[in-house]
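Engineer: Okay, handing you the structure first.
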Amino acid sequence: MSGDIIDSAQVRRGALFLVNIGVPVIVGAVRHQPDGALIGAVVGMLLAFADNDRELFSRLRLLALNAVMMAGCGIVGYLCRDLAPTFWSVFVAITLSVGMAARGGREMLLTARHGAIAFTIAADIPAFEVHQIWYVIGVVALNAASRVLDHLIAGPLPLQSGAALQKPLRHSGWLRFALAFSSAAVASMWIGRTLDQVHTIWIVTTTILVMLPDARASYRRIFERASGTFAGVVAAWVITMLFHSAAVICIAILAVAPLIPHHHANRYWLHTG
């Protein structure tokens, strides 16, 4: 927003996030399947970020690439979850790939990150139910449908600008970043699995998301994610304590969902919250 002029691209992004997060949440609440609502909303949000600024084909291509990567890494994570040597070897390989993918630009980094997150979720979620898989399939189709409708109405979606990063200049710098990224991710996985297995998914996902190929930006992102997480947990605790109602929780989610893309670019702590 600039002055009194509303950025139409921000409104479009907000609407896409509202649909792709809100629909699985509402469906999960109506069907009394909070686990489906959670996984549907999280996957819906991740895929909503995997959007492009070019023609519809390019937007759908990036969506399909992310969906396939998440499905593949999720299957691998689930299959090797109880095979310790294989699990750790694959996780190291995936996180090293994410670190090097940052060199290839936004699309490669998004896709690799989402694959690593899917691997983590599939490897540590207690059990998969059939209806959860349908939620995942549903949000992929929902993202595609909402993207097609958005394009038919308003055309190409301008890419959201972000802060410029001081990226490594040489191959050795990228290799150091990849090693640091993988080391931090592996350490977070070990901490989660050893000390707090219930929250392993969130510990590892946080590490994967905050690390950037720019030390200063990473430190800022780490601080903002920690403060935003604390604020979000407090807000969620207050809402659930005052209102023992799924309807109120759904309303709160629907209220914040369309603000996510704006806050992600401008107030990362509030996006995290």
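So you can find residues: chains in the structure tokens are A, B, ... in the order shown, residues in each start at 1, and ligands are numbered from 1 in order.
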When you look at Phe91 in chain A with a cut-off of 9 Å (counting only C-alpha atoms), what residues show up, excluding the ones that are within fewer than 3 positions of it in the same chain? I need them as an NGL selection string.
Structural biologist: :A and (77 or 86-88 or 94-96 or 116 or 119-120 or 182 or 185-186)
Engineer: Please produce an output containing C-alpha atoms for each residue in the selection, written as an mmCIF file, in the first residue's frame.
Structural biologist:
data_model
loop_
_atom_site.group_PDB
_atom_site.id
_atom_site.type_symbol
_atom_site.label_atom_id
_atom_site.label_comp_id
_atom_site.auth_asym_id
_atom_site.auth_seq_id
_atom_site.Cartn_x
_atom_site.Cartn_y
_atom_site.Cartn_z
ATOM 1 C CA GLY A 77 11.158 -39.372 4.167
ATOM 2 C CA THR A 86 19.725 -44.035 5.348
ATOM 3 C CA PHE A 87 17.637 -41.293 6.956
ATOM 4 C CA TRP A 88 20.629 -39.193 8.015
ATOM 5 C CA ILE A 94 18.844 -32.867 0.731
ATOM 6 C CA THR A 95 19.980 -30.002 2.958
ATOM 7 C CA LEU A 96 23.266 -29.637 1.075
ATOM 8 C CA ALA A 116 13.279 -30.548 2.585
ATOM 9 C CA PHE A 119 10.867 -34.827 3.925
ATOM 10 C CA THR A 120 10.953 -33.608 7.534
ATOM 11 C CA SER A 182 23.219 -28.496 6.153
ATOM 12 C CA ALA A 185 19.570 -28.354 9.690
ATOM 13 C CA VAL A 186 21.138 -31.649 10.796
#
Engineer: Skipping near chain neighbours, those fewer than 2 positions away, what residues fall within 7 Å of Cys73 in chain A using only C-alpha atoms, listed as number ranges by chain?
Structural biologist: A: 69-71, 75-77, 115-116, 118-119
Engineer: Per residue of range 79-194 of chain A within 12 Å of range 36-56 of chain A, what are the shortest atom pair and its distance in Å to one decimal, counting only C-alpha atoms, with rows by chain and residue number, as CSV?
Structural biologist:
residue,atom,partner,partner_atom,distance
A:Arg106,CA,A:Ala50,CA,9.4
A:Glu107,CA,A:Ala50,CA,7.6
A:Met108,CA,A:Ala50,CA,10.2
A:Leu109,CA,A:Ala50,CA,10.2
A:Leu110,CA,A:Ala50,CA,6.7
A:Thr111,CA,A:Ala50,CA,7.7
A:Ala112,CA,A:Ala50,CA,11.2
A:Arg113,CA,A:Leu46,CA,9.8
A:His114,CA,A:Leu46,CA,7.2
A:Gly115,CA,A:Leu46,CA,10.5
A:Ile117,CA,A:Leu46,CA,9.7
A:Ala118,CA,A:Val43,CA,8.9
A:Ile121,CA,A:Ile39,CA,9.6
A:Ala122,CA,A:Ile39,CA,11.0
A:Ile125,CA,A:Ile39,CA,10.5
A:Phe128,CA,A:Gly36,CA,10.2
A:Glu129,CA,A:Gly36,CA,9.0
A:Val130,CA,A:Gly36,CA,9.8
A:His131,CA,A:Gly36,CA,6.9
A:Gln132,CA,A:Gly36,CA,5.0
A:Ile133,CA,A:Gly36,CA,8.4
A:Trp134,CA,A:Gly36,CA,8.6
A:Tyr135,CA,A:Gly40,CA,5.3
A:Val136,CA,A:Gly40,CA,5.7
A:Ile137,CA,A:Gly40,CA,8.9
A:Gly138,CA,A:Gly40,CA,8.0
A:Val139,CA,A:Gly44,CA,5.4
A:Val140,CA,A:Gly44,CA,7.2
A:Ala141,CA,A:Gly44,CA,9.8
A:Leu142,CA,A:Gly44,CA,8.2
A:Asn143,CA,A:Ala48,CA,6.7
A:Ala144,CA,A:Leu47,CA,9.5
A:Ala145,CA,A:Leu56,CA,11.2
A:Ser146,CA,A:Ala48,CA,9.7
A:Arg147,CA,A:Leu56,CA,7.8
A:Val148,CA,A:Leu56,CA,6.9
A:Leu149,CA,A:Leu56,CA,10.0
A:Asp150,CA,A:Leu56,CA,9.4
A:His151,CA,A:Leu56,CA,6.5
A:Leu152,CA,A:Leu56,CA,8.9
A:Ile153,CA,A:Leu56,CA,11.7
A:Ala154,CA,A:Leu56,CA,11.0
A:Gly155,CA,A:Glu55,CA,7.7
A:Pro156,CA,A:Glu55,CA,5.5
A:Leu157,CA,A:Asp53,CA,5.0
A:Pro158,CA,A:Asp53,CA,4.8
A:Leu159,CA,A:Asp53,CA,4.7
A:Gln160,CA,A:Asp53,CA,8.3
A:Ser161,CA,A:Asp53,CA,10.8
Engineer: Which is closest to Ile21 in chain A among A:Ile260, A:Arg81, A:Ser218, A:Ser172, if we use only C-alpha atoms?
Structural biologist: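 Selected residue with least distance to Ile21 in chain A: A:Ile260.
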Engineer: What separation in Å, quoted to one decimal, exists between CA of Ser245 in chain A and CA of Gly232 in chain A?
Structural biologist: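 Atom-to-atom, CA of Ser245 in chain A to CA of Gly232 in chain A, that is 18.1 Å.
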Engineer: Any idea what the distance is between CA of Ala93 in chain A and CA of Thr194 in chain A?
Structural biologist: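 About the pair CA of Ala93 in chain A and CA of Thr194 in chain A: they are 20.8 Å apart.
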